[in-house]
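As provided, coords_31.txt (compact mmCIF, C-alpha atoms) reads as follows.
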```txt
# COMPACT_ATOMS: atom_id res chain seq x y z
CA MET A 286 0.00 0.00 0.00
CA ASN A 287 1.20 3.44 -0.89
CA HIS A 288 0.89 5.74 2.08
CA SER A 289 2.78 8.61 0.54
CA ASN A 290 -0.40 10.66 0.36
CA HIS A 291 -1.32 9.95 3.93
CA VAL A 292 -3.02 13.02 5.27
CA VAL A 293 -2.26 13.95 8.83
CA SER A 294 -5.76 14.31 10.13
CA THR A 295 -6.79 16.90 12.64
CA ALA A 296 -10.46 15.89 12.46
CA ILE A 297 -12.10 14.82 15.69
CA THR A 298 -12.23 11.08 16.45
CA ALA A 299 -13.60 8.89 19.22
CA GLU A 300 -10.01 8.37 20.38
CA SER A 301 -9.24 12.08 20.52
CA ILE A 302 -12.39 12.68 22.60
CA ALA A 303 -11.53 9.81 24.96
CA ASP A 304 -7.94 11.06 25.32
CA SER A 305 -8.99 14.64 26.00
CA SER A 306 -10.16 15.95 29.35
CA VAL A 307 -13.51 17.06 27.93
CA VAL A 308 -16.54 16.04 30.00
CA ALA A 309 -20.03 16.35 28.54
CA PRO A 310 -22.49 18.21 30.78
CA GLU A 311 -25.28 15.80 31.84
CA PRO A 312 -28.04 17.14 29.54
CA VAL A 313 -25.66 17.26 26.57
CA ALA A 314 -24.63 13.66 27.23
CA GLN A 315 -28.27 12.58 27.32
CA TYR A 316 -28.84 14.29 23.98
CA ALA A 317 -25.67 12.89 22.38
CA LEU A 318 -26.65 9.38 23.45
CA GLY A 319 -29.81 9.49 21.32
CA LEU A 320 -27.92 10.77 18.28
CA GLY A 321 -25.24 8.14 18.79
CA ASP A 322 -27.82 5.35 19.00
CA ASP A 323 -29.39 6.45 15.70
CA ALA A 324 -26.03 6.20 13.95
CA LEU A 325 -25.02 2.96 15.68
CA VAL A 326 -28.20 1.07 14.87
CA LEU A 327 -28.19 2.07 11.20
CA ALA A 328 -24.47 1.29 10.94
CA HIS A 329 -25.18 -2.22 12.17
CA ARG A 330 -28.03 -2.69 9.70
CA LEU A 331 -25.80 -1.60 6.81
CA GLY A 332 -23.14 -4.03 7.96
CA GLU A 333 -25.65 -6.83 7.38
CA TRP A 334 -25.26 -6.21 3.63
CA ILE A 335 -21.63 -7.32 3.59
CA ALA A 336 -21.48 -10.32 1.25
CA ASN A 337 -25.22 -9.94 0.51
CA ALA A 338 -25.46 -6.94 -1.81
CA PRO A 339 -26.29 -7.40 -5.50
CA GLU A 340 -22.62 -6.97 -6.45
CA LEU A 341 -19.32 -6.91 -4.59
CA GLU A 342 -18.91 -3.21 -5.35
CA GLU A 343 -22.22 -2.48 -3.64
CA ASP A 344 -21.16 -4.50 -0.57
CA VAL A 345 -18.27 -2.08 -0.31
CA ALA A 346 -20.40 1.01 -0.93
CA LEU A 347 -22.96 0.10 1.74
CA GLY A 348 -20.20 -1.05 4.07
CA ASN A 349 -18.44 2.28 3.64
CA ILE A 350 -21.57 4.20 4.50
CA GLY A 351 -22.06 1.96 7.52
CA LEU A 352 -18.50 2.59 8.67
CA ASP A 353 -18.97 6.35 8.34
CA LEU A 354 -22.05 6.07 10.55
CA LEU A 355 -20.18 3.87 13.00
CA GLY A 356 -17.59 6.64 13.21
CA HIS A 357 -20.30 9.15 14.10
CA ALA A 358 -21.74 6.73 16.67
CA ARG A 359 -18.34 6.15 18.25
CA SER A 360 -17.66 9.86 18.64
CA LEU A 361 -21.14 10.62 19.99
CA LEU A 362 -21.20 7.68 22.43
CA THR A 363 -17.66 8.37 23.60
CA TYR A 364 -18.60 11.98 24.25
CA ALA A 365 -21.83 11.00 26.05
CA GLY A 366 -19.89 8.47 28.11
CA THR A 367 -17.54 11.14 29.47
CA ALA A 368 -20.42 12.32 31.67
CA TRP A 369 -20.79 8.92 33.34
CA ASP A 370 -17.27 7.55 33.10
CA LYS A 371 -18.43 4.98 30.55
CA SER A 372 -16.71 3.94 27.34
CA GLU A 373 -18.33 3.76 23.92
CA ASP A 374 -18.33 -0.04 24.29
CA ASP A 375 -20.07 0.12 27.68
CA LEU A 376 -22.83 2.12 26.04
CA ALA A 377 -23.07 0.12 22.81
CA TYR A 378 -22.88 -3.38 24.23
CA PHE A 379 -24.17 -3.23 27.79
CA ARG A 380 -27.44 -1.42 27.52
CA ASP A 381 -30.69 -3.29 26.87
CA GLU A 382 -33.29 -2.66 24.22
CA ASN A 383 -35.42 -0.26 26.28
CA GLU A 384 -32.34 1.83 27.07
CA PHE A 385 -31.64 2.43 23.39
CA ARG A 386 -32.98 5.74 22.16
CA SER A 387 -32.68 5.28 18.42
CA ARG A 388 -35.59 6.35 16.32
CA GLN A 389 -37.49 3.47 14.80
CA LEU A 390 -36.52 4.05 11.15
CA PHE A 391 -32.99 2.91 11.81
CA GLU A 392 -33.79 -0.47 13.41
CA GLN A 393 -36.07 -1.67 10.60
CA PRO A 394 -34.75 -4.86 8.96
CA ILE A 395 -32.71 -4.34 5.81
CA GLY A 396 -35.39 -5.98 3.67
CA ASP A 397 -34.39 -6.10 0.03
CA PHE A 398 -31.97 -3.70 -1.68
CA ALA A 399 -34.84 -1.35 -2.53
CA VAL A 400 -35.94 -1.10 1.11
CA THR A 401 -32.37 -0.35 2.11
CA ILE A 402 -31.98 2.36 -0.53
CA ALA A 403 -35.33 3.93 0.44
CA ARG A 404 -34.36 3.98 4.11
CA GLN A 405 -30.87 5.24 3.34
CA LEU A 406 -32.19 8.14 1.27
CA ILE A 407 -34.52 9.20 4.09
CA ALA A 408 -31.82 8.73 6.74
CA SER A 409 -29.06 10.45 4.78
CA VAL A 410 -31.06 13.57 3.99
CA TYR A 411 -32.14 13.71 7.63
CA PHE A 412 -28.53 13.33 8.83
CA ALA A 413 -27.34 15.98 6.36
CA GLU A 414 -29.89 18.46 7.72
CA LEU A 415 -29.14 17.47 11.32
CA TYR A 416 -25.36 17.65 11.15
CA ARG A 417 -25.38 20.87 9.14
CA ALA A 418 -27.40 22.50 11.94
CA LEU A 419 -25.45 20.77 14.71
CA SER A 420 -22.13 22.00 13.29
CA ARG A 421 -23.24 25.44 14.53
CA SER A 422 -23.86 24.13 18.06
CA GLU A 423 -22.47 26.12 20.98
CA ASP A 424 -21.07 22.86 22.31
CA PRO A 425 -17.66 22.64 20.60
CA THR A 426 -17.42 18.83 20.69
CA LEU A 427 -20.86 18.30 19.17
CA ALA A 428 -20.07 20.97 16.58
CA ALA A 429 -16.78 19.28 15.64
CA ILE A 430 -18.36 15.81 15.36
CA ALA A 431 -21.11 17.25 13.16
CA ALA A 432 -18.75 19.25 10.96
CA LYS A 433 -16.79 16.10 10.16
CA ALA A 434 -19.97 14.10 9.53
CA VAL A 435 -21.52 16.58 7.09
CA LYS A 436 -19.05 15.81 4.31
CA GLU A 437 -19.65 12.09 4.74
CA VAL A 438 -23.44 12.21 4.78
CA ASP A 439 -23.53 14.47 1.72
CA TYR A 440 -21.95 11.58 -0.15
CA HIS A 441 -24.49 9.16 1.34
CA VAL A 442 -27.31 11.32 -0.01
CA ASP A 443 -25.76 11.19 -3.47
CA HIS A 444 -25.36 7.40 -3.34
CA SER A 445 -29.01 6.84 -2.39
CA ALA A 446 -30.32 9.43 -4.85
CA GLN A 447 -28.37 7.79 -7.70
CA TRP A 448 -29.84 4.39 -6.86
CA LEU A 449 -33.34 5.77 -6.38
CA ARG A 450 -33.23 7.10 -9.95
CA ARG A 451 -31.88 3.88 -11.39
CA LEU A 452 -34.41 1.69 -9.63
CA GLY A 453 -37.31 4.09 -10.22
CA LEU A 454 -36.56 4.61 -13.91
CA GLY A 455 -35.07 1.16 -14.54
CA THR A 456 -37.38 -1.73 -15.31
CA GLU A 457 -41.03 -2.11 -14.43
CA TYR A 458 -39.96 -4.62 -11.79
CA SER A 459 -37.29 -2.40 -10.19
CA HIS A 460 -39.78 0.50 -10.20
CA GLU A 461 -42.35 -1.60 -8.37
CA ARG A 462 -39.82 -2.82 -5.80
CA ILE A 463 -38.40 0.64 -4.95
CA GLN A 464 -41.91 2.06 -4.65
CA ARG A 465 -42.68 -0.74 -2.23
CA GLY A 466 -39.49 0.09 -0.33
CA LEU A 467 -40.45 3.75 -0.04
CA ASP A 468 -43.96 2.80 1.07
CA ALA A 469 -42.54 0.52 3.77
CA MET A 470 -40.13 3.11 5.18
CA TRP A 471 -42.22 6.27 4.87
CA PRO A 472 -44.29 5.79 8.07
CA PHE A 473 -41.02 6.20 10.03
CA VAL A 474 -40.19 9.61 8.51
CA ASP A 475 -42.45 11.56 10.84
CA GLU A 476 -40.70 10.45 14.03
CA LEU A 477 -37.37 11.89 12.83
CA PHE A 478 -38.80 15.39 12.95
CA ARG A 479 -40.65 15.22 16.24
CA ALA A 480 -39.22 17.13 19.17
CA ASP A 481 -36.34 15.29 20.84
CA PRO A 482 -37.27 14.97 24.54
CA TYR A 483 -33.59 15.32 25.43
CA ALA A 484 -33.15 18.55 23.47
CA THR A 485 -35.62 20.70 25.33
CA GLU A 486 -33.21 22.37 27.77
CA LEU A 487 -30.43 22.76 25.26
CA ASP A 488 -31.13 25.97 23.37
CA GLY A 489 -28.22 26.81 21.11
CA ILE A 490 -26.60 23.42 21.76
CA ALA A 491 -29.08 20.83 20.48
CA VAL A 492 -30.85 20.96 17.14
CA ASP A 493 -34.61 21.40 17.07
CA SER A 494 -35.70 18.35 15.03
CA GLU A 495 -38.92 20.04 13.98
CA GLN A 496 -36.90 22.74 12.22
CA LEU A 497 -35.23 20.14 10.01
CA ARG A 498 -38.43 19.05 8.29
CA ALA A 499 -38.48 21.92 5.80
CA GLY A 500 -35.03 21.00 4.48
CA PHE A 501 -36.08 17.36 4.12
CA ASP A 502 -39.33 18.27 2.40
CA ALA A 503 -37.47 20.49 -0.05
CA VAL A 504 -35.25 17.61 -1.19
CA VAL A 505 -36.73 14.14 -0.82
CA PRO A 506 -40.17 14.46 -2.49
CA LEU A 507 -38.49 16.03 -5.55
CA LEU A 508 -35.99 13.19 -5.79
CA ILE A 509 -38.84 10.69 -5.54
CA VAL A 510 -40.90 12.39 -8.25
CA ASP A 511 -37.86 12.81 -10.52
CA ALA A 512 -37.31 9.06 -10.25
CA GLY A 513 -40.84 8.52 -11.58
CA LEU A 514 -42.12 7.42 -8.19
CA VAL A 515 -44.94 8.49 -5.91
CA VAL A 516 -44.35 10.19 -2.57
CA PRO A 517 -46.05 7.81 -0.13
CA SER A 518 -48.95 9.06 1.92
CA GLY A 519 -49.89 6.95 4.87
CA ALA A 520 -50.33 7.27 8.57
CA PRO A 521 -47.06 7.80 10.44
CA ALA A 522 -45.86 5.08 12.80
CA GLN A 523 -46.28 5.56 16.52
CA GLY A 524 -42.62 6.41 17.16
CA GLY A 525 -41.20 6.86 20.62
CA GLY A 526 -37.70 5.54 19.93
CA ARG A 527 -36.09 8.31 21.99
CA LEU A 528 -38.14 7.11 24.97
CA GLY A 529 -36.96 3.53 24.54
CA LEU A 530 -40.05 2.32 22.68
CA HIS A 531 -39.06 0.12 19.75
CA SER A 532 -40.51 -2.11 17.09
CA GLU A 533 -39.94 -5.85 17.34
CA ALA A 534 -36.92 -5.53 15.03
CA LEU A 535 -34.49 -3.96 17.50
CA GLY A 536 -34.27 -6.75 20.09
CA PRO A 537 -32.96 -9.49 17.77
CA MET A 538 -30.58 -6.99 16.14
CA LEU A 539 -29.09 -5.99 19.49
CA ALA A 540 -28.82 -9.64 20.53
CA GLU A 541 -26.60 -10.25 17.53
CA MET A 542 -24.67 -7.00 17.94
CA GLN A 543 -24.01 -7.49 21.65
CA VAL A 544 -23.57 -11.24 22.05
CA LEU A 545 -19.80 -11.33 21.56
CA ALA A 546 -19.03 -8.45 23.91
CA ARG A 547 -21.32 -9.93 26.56
CA ALA A 548 -19.99 -13.48 26.24
CA HIS A 549 -16.39 -12.26 26.44
CA PRO A 550 -16.41 -8.99 28.42
CA GLY A 551 -13.36 -6.88 27.75
CA ALA A 552 -12.26 -9.02 24.78
CA THR A 553 -10.11 -7.23 22.24
CA TRP A 554 -8.91 -8.27 18.81
CA MET B 73 -15.88 -25.10 -15.93
CA THR B 74 -16.06 -21.33 -15.57
CA SER B 75 -13.20 -18.91 -15.76
CA PRO B 76 -12.67 -15.86 -13.54
CA GLY B 77 -15.07 -13.10 -14.53
CA ASP B 78 -17.40 -15.54 -16.27
CA SER B 79 -20.95 -14.50 -15.46
CA GLY B 80 -22.30 -17.99 -16.15
CA GLY B 81 -24.93 -16.42 -18.37
CA ARG B 82 -26.19 -14.12 -15.62
CA GLU B 83 -26.73 -10.53 -16.63
CA THR B 84 -23.89 -8.61 -14.99
CA TRP B 85 -22.61 -5.08 -14.76
CA PRO B 86 -19.92 -4.16 -17.28
CA LEU B 87 -16.28 -3.87 -16.30
CA TRP B 88 -14.65 -0.44 -15.91
CA GLU B 89 -10.99 0.51 -15.73
CA VAL B 90 -10.16 3.10 -13.08
CA PHE B 91 -7.51 5.81 -13.29
CA ILE B 92 -6.61 7.91 -10.26
CA ARG B 93 -4.63 11.15 -10.13
CA SER B 94 -2.88 11.24 -6.79
CA SER B 95 -2.25 14.98 -6.71
CA ARG B 96 -2.32 18.08 -8.83
CA GLY B 97 0.25 18.12 -11.60
CA LEU B 98 0.58 14.34 -11.82
CA SER B 99 -1.04 12.13 -14.44
CA HIS B 100 -3.90 9.77 -13.89
CA VAL B 101 -2.51 6.28 -13.25
CA HIS B 102 -4.32 3.00 -13.72
CA ALA B 103 -5.48 1.83 -10.28
CA GLY B 104 -7.54 -1.26 -11.10
CA SER B 105 -10.94 -2.26 -12.36
CA LEU B 106 -14.44 -2.74 -11.02
CA HIS B 107 -18.02 -3.50 -12.01
CA ALA B 108 -20.72 -0.84 -12.18
CA PRO B 109 -24.04 -0.47 -14.00
CA ASP B 110 -23.00 2.79 -15.70
CA GLU B 111 -20.26 5.42 -15.75
CA THR B 112 -21.80 7.57 -13.00
CA MET B 113 -21.91 4.67 -10.57
CA ALA B 114 -18.48 3.52 -11.72
CA VAL B 115 -16.96 6.80 -10.49
CA ARG B 116 -18.69 6.33 -7.16
CA ASN B 117 -17.59 2.73 -6.82
CA ALA B 118 -14.05 3.81 -7.70
CA ARG B 119 -14.20 6.42 -4.96
CA ASP B 120 -15.19 3.71 -2.45
CA LEU B 121 -12.69 1.12 -3.66
CA TYR B 122 -9.62 3.17 -4.52
CA THR B 123 -9.64 6.51 -2.66
CA ARG B 124 -10.51 5.61 0.93
CA ARG B 125 -7.03 6.49 2.15
CA ALA B 126 -6.82 9.86 0.45
CA GLU B 127 -5.08 8.35 -2.58
CA GLY B 128 -6.51 10.74 -5.11
CA VAL B 129 -7.88 14.08 -6.19
CA SER B 130 -9.41 12.96 -9.48
CA ILE B 131 -10.94 9.77 -10.90
CA TRP B 132 -11.38 8.70 -14.52
CA VAL B 133 -13.28 5.59 -15.50
CA VAL B 134 -13.50 4.03 -18.92
CA ARG B 135 -15.46 1.00 -19.98
CA ALA B 136 -12.95 -1.82 -20.33
CA SER B 137 -14.46 -2.85 -23.66
CA ASP B 138 -13.76 0.65 -25.03
CA ILE B 139 -10.02 0.27 -24.56
CA THR B 140 -8.05 -0.85 -27.61
CA SER B 141 -4.76 -2.38 -26.63
CA SER B 142 -1.65 -3.64 -28.35
CA ASP B 143 -1.44 -7.37 -28.99
CA PRO B 144 0.73 -9.07 -26.34
CA ASP B 145 1.75 -11.67 -28.97
CA ALA B 146 3.10 -8.91 -31.20
CA LYS B 147 5.63 -7.82 -28.60
CA GLY B 148 8.53 -8.35 -31.01
CA GLU B 149 7.47 -6.16 -33.90
CA PHE B 150 5.88 -3.60 -31.58
CA PHE B 151 8.47 -3.05 -28.93
CA GLU B 152 11.78 -4.63 -29.83
CA SER B 153 12.58 -2.75 -33.00
CA PRO B 154 14.24 0.19 -31.13
CA GLN B 155 16.98 -2.18 -29.97
CA GLY B 156 20.31 -1.14 -31.40
CA LYS B 157 18.95 2.25 -32.36
CA GLU B 158 20.62 4.26 -29.61
CA TYR B 159 20.67 7.27 -31.91
CA ARG B 160 17.02 7.74 -31.01
CA HIS B 161 18.14 8.90 -27.57
CA ALA B 162 19.46 12.41 -27.07
CA SER B 163 22.29 10.97 -24.95
CA TYR B 164 23.68 9.29 -28.11
CA TYR B 165 24.85 12.64 -29.45
CA LYS B 166 28.04 14.39 -28.38
CA GLU B 167 27.94 18.02 -27.51
CA SER B 168 29.19 20.00 -30.46
CA GLU B 169 31.79 22.61 -29.59
CA ALA B 170 30.64 24.93 -32.32
CA VAL B 171 27.06 25.16 -31.14
CA PRO B 172 26.57 27.63 -28.31
CA HIS B 173 23.86 27.58 -25.64
CA LEU B 174 23.40 23.79 -25.53
```

Would it be possible to restate this file's structure as structure tokens?
Amino acid sequence: MNHSNHVVSTAITAESIADSSVVAPEPVAQYALGLGDDALVLAHRLGEWIANAPELEEDVALGNIGLDLLGHARSLLTYAGTAWDKSEDDLAYFRDENEFRSRQLFEQPIGDFAVTIARQLIASVYFAELYRALSRSEDPTLAAIAAKAVKEVDYHVDHSAQWLRRLGLGTEYSHERIQRGLDAMWPFVDELFRADPYATELDGIAVDSEQLRAGFDAVVPLLIVDAGLVVPSGAPAQGGGRLGLHSEALGPMLAEMQVLARAHPGATW
Amino acid sequence: MTSPGDSGGRETWPLWEVFIRSSRGLSHVHAGSLHAPDETMAVRNARDLYTRRAEGVSIWVVRASDITSSDPDAKGEFFESPQGKEYRHASYYKESEAVPHL
């Protein structure tokens, strides 16, 4: 491998947060935990595509997106953990289902490729809006994590939008499948833009989820229509992920994600 | 028996050759190949496969079937004829005393 172009990175990482003396104030930690769970759960779902995507190249593409999200999760959970003297691993592997605060979109099973692309489009545009706003947070650590993430999620939006077009305008069969994927994921859109119960006391630090809806609505419906598809209209799902309420999909996913760390506490490799 | 790259009759994505420019001022250099449904996705797949460690500032892709190459079996007539023709190199020539500014 040629490392001659290796860039000395000054971007924030989970390690740099853990090594610093920064301690998240309690309400900020509570807020960061929810954001971290969103990224962690979706990262795990994307990892399920490795060796299962339609082509090897798409395994890598989805894996890359998953790893970017895992990076966001690691930074956010590490930062949250500074408030309680817990590591990112303590938070990821040793909390139970009802302690996870991820919104329900992210835990939905990967379904087929179309479901995954539909979910990823929704998630990526949401993340792009979220991190763009959060990069202006008065909390410098949250702002730095978000500023690094923005560049990554902008690429994720592009990846999903490209696939949406190809599936929507491809064959009759691909069109039908991606429409079905959008229909299946759309009920979970609403929850993303409901007020975050952990953001209420954090004016200027946390992002007001409700404010992000306009940015989402300006982008996603247009992409859907341009791909020859119909913007789904159906009742939103109940939601409540931030309060620990989850669909039946999260439990089995966490069991798989956590089993190794719980069977061999402290194991490293 | 199937050979590497044989699709076994399955409809597959075409093969693309990837060229990466590592920094401004350098040429694009062949980095490898990949499969993608079209040129737009090929650039994206190349980004994911070949530039994850900040290897490049520019990517070119070209459909492998669009590349015309020299025939490896014609190595002799193509590439060995310059042998013994050192006068094709500038270093063959001696500096002439009468010519200034060389």

May I have the residues within 12 Å of A:Ala428 as a PyMOL selection string, using all atoms listed in the file and disregarding those fewer than 3 positions away in the same chain?
chain A and resi 296-297+317+360-361+364+415-425+431-435+489-492

So that each row is one residue of chain B with an atom at most 7 Å from chain A, can you give its shortest atom pair and the distance in Å to one decimal, using all atoms listed in the file, rows by chain and rising number, as CSV?
```
residue,atom,partner,partner_atom,distance
B:His107,CA,A:Glu342,CA,6.7
B:Asn117,CA,A:Glu342,CA,6.3
B:Asp120,CA,A:Ala346,CA,6.1
B:Arg125,CA,A:His291,CA,6.9
B:Ala126,CA,A:Asn290,CA,6.5
B:Glu127,CA,A:Asn290,CA,6.0
```

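Separating atom CA of A:Leu514 from atom CA of A:Gln464 is a distance of 6.4 Å.
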
A:Arg330 surroundings by all atoms listed in the file, 9 Å radius, close-in-sequence under 5 positions cut, as a compact mmCIF listing (two decimals) with C-alpha atoms, in the frame of the given file:
```
# COMPACT_ATOMS: atom_id res chain seq x y z
CA LEU A 325 -25.02 2.96 15.68
CA GLY A 351 -22.06 1.96 7.52
CA PHE A 391 -32.99 2.91 11.81
CA GLU A 392 -33.79 -0.47 13.41
CA GLN A 393 -36.07 -1.67 10.60
CA PRO A 394 -34.75 -4.86 8.96
CA ILE A 395 -32.71 -4.34 5.81
CA MET A 538 -30.58 -6.99 16.14
```

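Checking A:Phe379, A:Trp334, A:Phe501, A:Trp369 one by one against A:Thr401, counting all atoms listed in the file, you find the shortest gap at A:Trp334.
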
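Using only C-alpha atoms, the protein and nucleic acid residues lying no more than 9 Å from A:Ala546, apart from those fewer than 6 places from it along its own chain, are Asp374, Tyr378, Phe379 and Ala552 of chain A.
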
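Counting from atom CA of B:Glu158, the distance to atom CA of B:Ser141 is 26.4 Å.
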
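The residue that comes closest to A:Arg380, out of A:Leu318, A:Ile509, A:Ala408, A:Leu354 and on the basis of all atoms listed in the file, is A:Leu318.
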
Show me, as a list in words, the residues that have an atom within 10 Å of A:Leu320 when counting all atoms listed in the file, minus same-chain residues fewer than 3 positions from it.
Ala314, Gln315, Tyr316, Ala317, Asp323, Ala324, Leu325, His357, Ala358, Leu361, Leu362, Ala365, Arg386, Ser387, Arg388, Phe412, Leu415, Asp481 and Arg527 of chain A

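Straight-line separation from atom CA of B:Ile92 to atom CA of B:Tyr122: 8.0 Å.
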
Selected stretch 135-154 of chain B, written as a CSV table (one decimal), in the first residue's frame, C-alpha atoms:
```csv
chain,number,residue,atom,x,y,z
B,135,ARG,CA,-15.5,1.0,-20.0
B,136,ALA,CA,-13.0,-1.8,-20.3
B,137,SER,CA,-14.5,-2.8,-23.7
B,138,ASP,CA,-13.8,0.6,-25.0
B,139,ILE,CA,-10.0,0.3,-24.6
B,140,THR,CA,-8.0,-0.8,-27.6
B,141,SER,CA,-4.8,-2.4,-26.6
B,142,SER,CA,-1.6,-3.6,-28.3
B,143,ASP,CA,-1.4,-7.4,-29.0
B,144,PRO,CA,0.7,-9.1,-26.3
B,145,ASP,CA,1.7,-11.7,-29.0
B,146,ALA,CA,3.1,-8.9,-31.2
B,147,LYS,CA,5.6,-7.8,-28.6
B,148,GLY,CA,8.5,-8.4,-31.0
B,149,GLU,CA,7.5,-6.2,-33.9
B,150,PHE,CA,5.9,-3.6,-31.6
B,151,PHE,CA,8.5,-3.0,-28.9
B,152,GLU,CA,11.8,-4.6,-29.8
B,153,SER,CA,12.6,-2.8,-33.0
B,154,PRO,CA,14.2,0.2,-31.1
```
